[in-house]
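Asks: Hey, dropping model.cif in here, mmCIF, C-alpha atoms:
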data_protein
loop_
_atom_site.group_PDB
_atom_site.id
_atom_site.type_symbol
_atom_site.label_atom_id
_atom_site.label_comp_id
_atom_site.auth_asym_id
_atom_site.auth_seq_id
_atom_site.Cartn_x
_atom_site.Cartn_y
_atom_site.Cartn_z
ATOM 1 C CA MET A 154 78.038 125.046 191.040
ATOM 2 C CA LYS A 155 74.900 123.784 192.766
ATOM 3 C CA PRO A 156 74.525 124.313 196.522
ATOM 4 C CA THR A 157 74.918 121.351 198.836
ATOM 5 C CA ARG A 158 71.627 119.579 199.336
ATOM 6 C CA ILE A 159 70.327 118.946 202.846
ATOM 7 C CA LEU A 160 67.447 116.638 203.661
ATOM 8 C CA ALA A 161 65.026 117.322 206.481
ATOM 9 C CA VAL A 162 64.575 114.763 209.257
ATOM 10 C CA ALA A 163 61.012 114.016 208.140
ATOM 11 C CA ALA A 164 62.113 113.005 204.639
ATOM 12 C CA VAL A 165 64.831 110.679 205.942
ATOM 13 C CA PHE A 166 62.440 109.175 208.469
ATOM 14 C CA GLY A 167 59.787 108.761 205.764
ATOM 15 C CA SER A 168 62.236 106.984 203.460
ATOM 16 C CA MET A 169 63.098 104.541 206.236
ATOM 17 C CA LEU A 170 59.428 103.783 206.796
ATOM 18 C CA THR A 171 58.731 103.335 203.085
ATOM 19 C CA ALA A 172 61.879 101.366 202.288
ATOM 20 C CA GLY A 173 61.907 99.252 205.449
ATOM 21 C CA PRO A 174 64.645 98.450 207.961
ATOM 22 C CA ALA A 175 67.052 97.006 205.368
ATOM 23 C CA ALA A 176 67.182 100.297 203.438
ATOM 24 C CA ALA A 177 67.716 102.202 206.676
ATOM 25 C CA MET A 178 70.873 100.155 207.187
ATOM 26 C CA ASP A 179 72.093 100.690 203.585
ATOM 27 C CA MET A 180 75.736 101.783 203.630
ATOM 28 C CA ASP A 181 74.973 104.468 201.020
ATOM 29 C CA ALA A 182 72.140 105.943 203.077
ATOM 30 C CA ALA A 183 73.144 108.868 205.235
ATOM 31 C CA PRO A 184 72.362 108.752 208.968
ATOM 32 C CA ILE A 185 70.624 111.695 210.631
ATOM 33 C CA SER A 186 72.954 114.059 212.450
ATOM 34 C CA SER A 187 72.155 115.824 215.693
ATOM 35 C CA THR A 188 71.373 118.990 213.729
ATOM 36 C CA GLY A 189 68.630 117.274 211.748
ATOM 37 C CA ALA A 190 70.583 117.267 208.480
ATOM 38 C CA ALA A 191 71.396 114.022 206.767
ATOM 39 C CA ALA A 192 75.148 113.557 206.828
ATOM 40 C CA SER A 193 77.696 110.808 207.240
ATOM 41 C CA ALA A 194 81.249 110.560 208.523
ATOM 42 C CA PHE A 195 82.380 110.997 204.910
ATOM 43 C CA GLY A 196 80.811 114.456 204.574
ATOM 44 C CA ARG A 197 78.035 113.319 202.224
ATOM 45 C CA THR A 198 74.667 115.009 202.197
ATOM 46 C CA ALA A 199 71.469 113.237 201.199
ATOM 47 C CA ALA A 200 68.385 114.513 199.426
ATOM 48 C CA VAL A 201 65.248 113.380 197.650
ATOM 49 C CA VAL A 202 63.363 114.531 194.571
ATOM 50 C CA SER A 203 59.714 113.552 194.213
ATOM 51 C CA GLY A 204 57.055 113.424 191.549
ATOM 52 C CA LYS A 205 53.403 112.467 191.323
ATOM 53 C CA CYS A 206 50.881 111.603 188.629
ATOM 54 C CA ASP A 207 47.170 110.761 188.576
ATOM 55 C CA ARG A 208 44.861 109.014 186.160
ATOM 56 C CA GLY A 209 41.210 108.988 187.118
ATOM 57 C CA SER A 210 40.933 107.718 190.681
ATOM 58 C CA ASN A 211 44.414 106.144 190.675
ATOM 59 C CA SER A 212 47.602 107.938 191.635
ATOM 60 C CA ALA A 213 51.303 107.212 191.801
ATOM 61 C CA SER A 214 54.242 108.937 193.422
ATOM 62 C CA LEU A 215 57.963 108.345 193.058
ATOM 63 C CA ASN A 216 60.790 109.392 195.386
ATOM 64 C CA ALA A 217 64.379 109.290 194.096
ATOM 65 C CA TYR A 218 66.962 109.402 196.894
ATOM 66 C CA TYR A 219 70.498 110.574 196.216
ATOM 67 C CA TYR A 220 73.565 111.859 197.956
ATOM 68 C CA THR A 221 76.420 114.095 196.887
ATOM 69 C CA SER A 222 79.956 112.765 196.840
ATOM 70 C CA GLY A 223 82.683 114.950 195.377
ATOM 71 C CA GLN A 224 81.735 115.900 191.820
ATOM 72 C CA TYR A 225 78.850 113.406 191.624
ATOM 73 C CA ASP A 226 75.235 113.063 192.685
ATOM 74 C CA ILE A 227 74.586 109.376 193.291
ATOM 75 C CA PHE A 228 71.039 108.024 193.240
ATOM 76 C CA ASN A 229 70.778 104.967 195.459
ATOM 77 C CA ARG A 230 67.072 104.313 196.064
ATOM 78 C CA PHE A 231 63.848 104.713 194.072
ATOM 79 C CA ASN A 232 60.554 104.251 195.962
ATOM 80 C CA TRP A 233 57.026 104.369 194.563
ATOM 81 C CA TYR A 234 53.548 104.364 196.005
ATOM 82 C CA LEU A 235 50.446 103.347 194.002
ATOM 83 C CA SER A 236 46.932 103.992 195.285
ATOM 84 C CA GLY A 237 43.305 104.108 194.272
ATOM 85 C CA PRO A 238 40.272 101.848 194.144
ATOM 86 C CA GLY A 239 40.285 98.770 191.934
ATOM 87 C CA LEU A 240 44.054 98.310 191.697
ATOM 88 C CA ARG A 241 45.212 94.725 191.286
ATOM 89 C CA ASN A 242 48.616 93.084 191.720
ATOM 90 C CA GLU A 243 50.181 93.417 188.253
ATOM 91 C CA SER A 244 50.908 97.118 187.770
ATOM 92 C CA ASN A 245 54.116 98.307 186.103
ATOM 93 C CA VAL A 246 56.519 101.122 187.030
ATOM 94 C CA TRP A 247 59.122 102.469 184.594
ATOM 95 C CA PHE A 248 61.523 105.241 185.503
ATOM 96 C CA TYR A 249 64.352 107.018 183.760
ATOM 97 C CA VAL A 250 67.134 109.234 185.077
ATOM 98 C CA LYS A 251 67.448 111.909 182.378
ATOM 99 C CA ARG A 252 70.041 114.577 181.593
ATOM 100 C CA HIS A 253 68.902 117.925 180.216
ATOM 101 C CA MET A 254 70.706 118.946 177.029
ATOM 102 C CA ASN A 255 70.418 122.566 175.903
ATOM 103 C CA ASN A 256 68.915 122.791 172.392
ATOM 104 C CA LEU A 257 69.208 118.986 171.942
ATOM 105 C CA PRO A 258 67.030 116.017 172.915
ATOM 106 C CA ASP A 259 67.521 115.019 176.563
ATOM 107 C CA ILE A 260 69.606 111.912 177.234
ATOM 108 C CA ILE A 261 68.477 108.858 179.231
ATOM 109 C CA VAL A 262 71.304 108.188 181.698
ATOM 110 C CA ASP A 263 69.669 105.106 183.250
ATOM 111 C CA ARG A 264 66.383 103.250 182.879
ATOM 112 C CA SER A 265 64.582 100.728 185.071
ATOM 113 C CA THR A 266 61.496 98.640 184.491
ATOM 114 C CA SER A 267 59.586 96.714 187.134
ATOM 115 C CA GLU A 268 58.304 93.209 186.639
ATOM 116 C CA ASN A 269 54.598 92.909 185.845
ATOM 117 C CA ASN A 270 53.899 92.379 189.560
ATOM 118 C CA VAL A 271 53.712 95.748 191.335
ATOM 119 C CA LYS A 272 51.045 95.646 194.028
ATOM 120 C CA PRO A 273 49.103 98.627 195.392
ATOM 121 C CA GLY A 274 50.988 100.444 198.128
ATOM 122 C CA SER A 275 54.695 101.044 198.435
ATOM 123 C CA GLY A 276 57.627 99.397 196.731
ATOM 124 C CA GLY A 277 60.962 100.290 195.282
ATOM 125 C CA VAL A 278 64.440 99.290 194.233
ATOM 126 C CA SER A 279 67.953 100.053 195.386
ATOM 127 C CA LYS A 280 70.387 100.781 192.600
ATOM 128 C CA ARG A 281 73.351 103.054 192.044
ATOM 129 C CA VAL A 282 73.194 105.716 189.329
ATOM 130 C CA SER A 283 76.022 108.284 189.302
ATOM 131 C CA VAL A 284 75.675 111.613 187.503
ATOM 132 C CA LYS A 285 78.023 114.577 187.404
ATOM 133 C CA ARG A 286 76.933 117.401 189.705
ATOM 134 C CA SER A 287 77.331 119.846 186.824
ATOM 135 C CA TRP A 288 74.574 118.032 184.880
ATOM 136 C CA ARG A 289 70.904 119.064 185.151
ATOM 137 C CA VAL A 290 69.084 115.759 185.800
ATOM 138 C CA TRP A 291 65.653 114.565 186.910
ATOM 139 C CA VAL A 292 63.690 111.324 187.083
ATOM 140 C CA GLU A 293 60.804 110.715 184.709
ATOM 141 C CA PHE A 294 58.373 107.843 185.335
ATOM 142 C CA THR A 295 55.401 106.047 183.849
ATOM 143 C CA VAL A 296 52.976 103.802 185.732
ATOM 144 C CA ILE A 297 50.502 101.402 184.162
ATOM 145 C CA PHE A 298 47.795 100.645 186.726
ATOM 146 C CA ASP A 299 46.557 97.055 186.718
ATOM 147 C CA ARG A 300 42.755 97.183 186.809
ATOM 148 C CA SER A 301 39.912 95.054 185.577
ATOM 149 C CA GLY A 302 39.337 96.040 181.943
ATOM 150 C CA PRO A 303 41.594 98.631 180.288
ATOM 151 C CA ASP A 304 44.737 99.526 182.259
ATOM 152 C CA PRO A 305 45.104 103.325 182.596
ATOM 153 C CA SER A 306 48.551 104.899 182.808
ATOM 154 C CA CYS A 307 50.042 108.133 184.062
ATOM 155 C CA HIS A 308 53.296 109.940 183.493
ATOM 156 C CA GLY A 309 55.204 112.155 185.935
ATOM 157 C CA LYS A 310 58.586 113.642 186.700
ATOM 158 C CA THR A 311 60.589 115.068 189.556
ATOM 159 C CA ARG A 312 62.127 118.515 189.682
ATOM 160 C CA ARG A 313 65.594 118.939 188.200
ATOM 161 C CA ILE A 314 68.679 118.860 190.347
#
Have the structure of the file written as structure tokens, please.
Replies:
Amino acid sequence: MKPTRILAVAAVFGSMLTAGPAAAMDMDAAPISSTGAAASAFGRTAAVVSGKCDRGSNSASLNAYYYTSGQYDIFNRFNWYLSGPGLRNESNVWFYVKRHMNNLPDIIVDRSTSENNVKPGSGGVSKRVSVKRSWRVWVEFTVIFDRSGPDPSCHGKTRRI
């Protein structure tokens, strides 16, 4: 059994800044307790897994926010940040929640693809992806940077939970 995940105040505060006021009011998001842990009246704990990738002078990062409820980890927000010189307004972000399978190919539990309109800076989507706590999962992502001329791409992943 995995230990209960606790999110530091800075990570919760950072997610509110990145996601904006609407995400901070999301019913699935956990408010900050007086102890600095993220918890709600329902006993949920919140956490984030992050990944980063670079290609030349461009970089991308992805944060996947989730909380634990009973026997499930429930992802509820995916935020990205694209940076670097020369980026235009039609980048793409693809991400996959994957389940590790011992001695077998890993399974894609959920996939998401952005429109061809991701601008430099921060963005993201709210969606609900439930996975059993007993599963080893992570988020894998690919970014195609919109630039003049050839569009470079990078690939990254978060740690497993």
Asks: At a cut-off of 10 Å, using all atoms listed in the file, what residues contact Gly209 (chain A)? Leave out same-chain residues fewer than 2 positions from it and give the result as a list in words.
Replies: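 So the residues in contact are Asp207, Asn211, Ser212, Gly237, Pro305, Ser306 and Cys307 of chain A.
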Asks: Point out the residue among A:Glu268, A:Asp226, A:Asp304, A:Glu243 with the least atom-to-atom distance to Trp291 (chain A), counting all atoms listed in the file.
Replies: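 Nearest candidate to Trp291 (chain A) out of A:Glu268, A:Asp226, A:Asp304, A:Glu243: A:Asp226.
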Asks: Take CA of Ile261 (chain A) and CA of Ala213 (chain A) and report the distance between them in Å, one decimal.
Replies: 21.3 Å
Asks: Between CA of Tyr220 (chain A) and CA of Val201 (chain A), what is the spacing in Å?
Replies: 8.5 Å
Asks: Choose the residue, out of A:Gly239, A:Ala200, A:Asn256, A:Asp263, that has the smallest atom-to-atom separation from Val284 (chain A); count only C-alpha atoms.
Replies: A:Asp263
Asks: Which of these, A:Thr221, A:Ser279, A:Ser236, A:Ser244, has the shortest distance to Lys205 (chain A) once you count all atoms listed in the file?
Replies: A:Ser236
Asks: In Å, with one decimal, what is the gap from CA of Val278 (chain A) to CA of Ala217 (chain A)?
Replies: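 So the answer is 10.0 Å.
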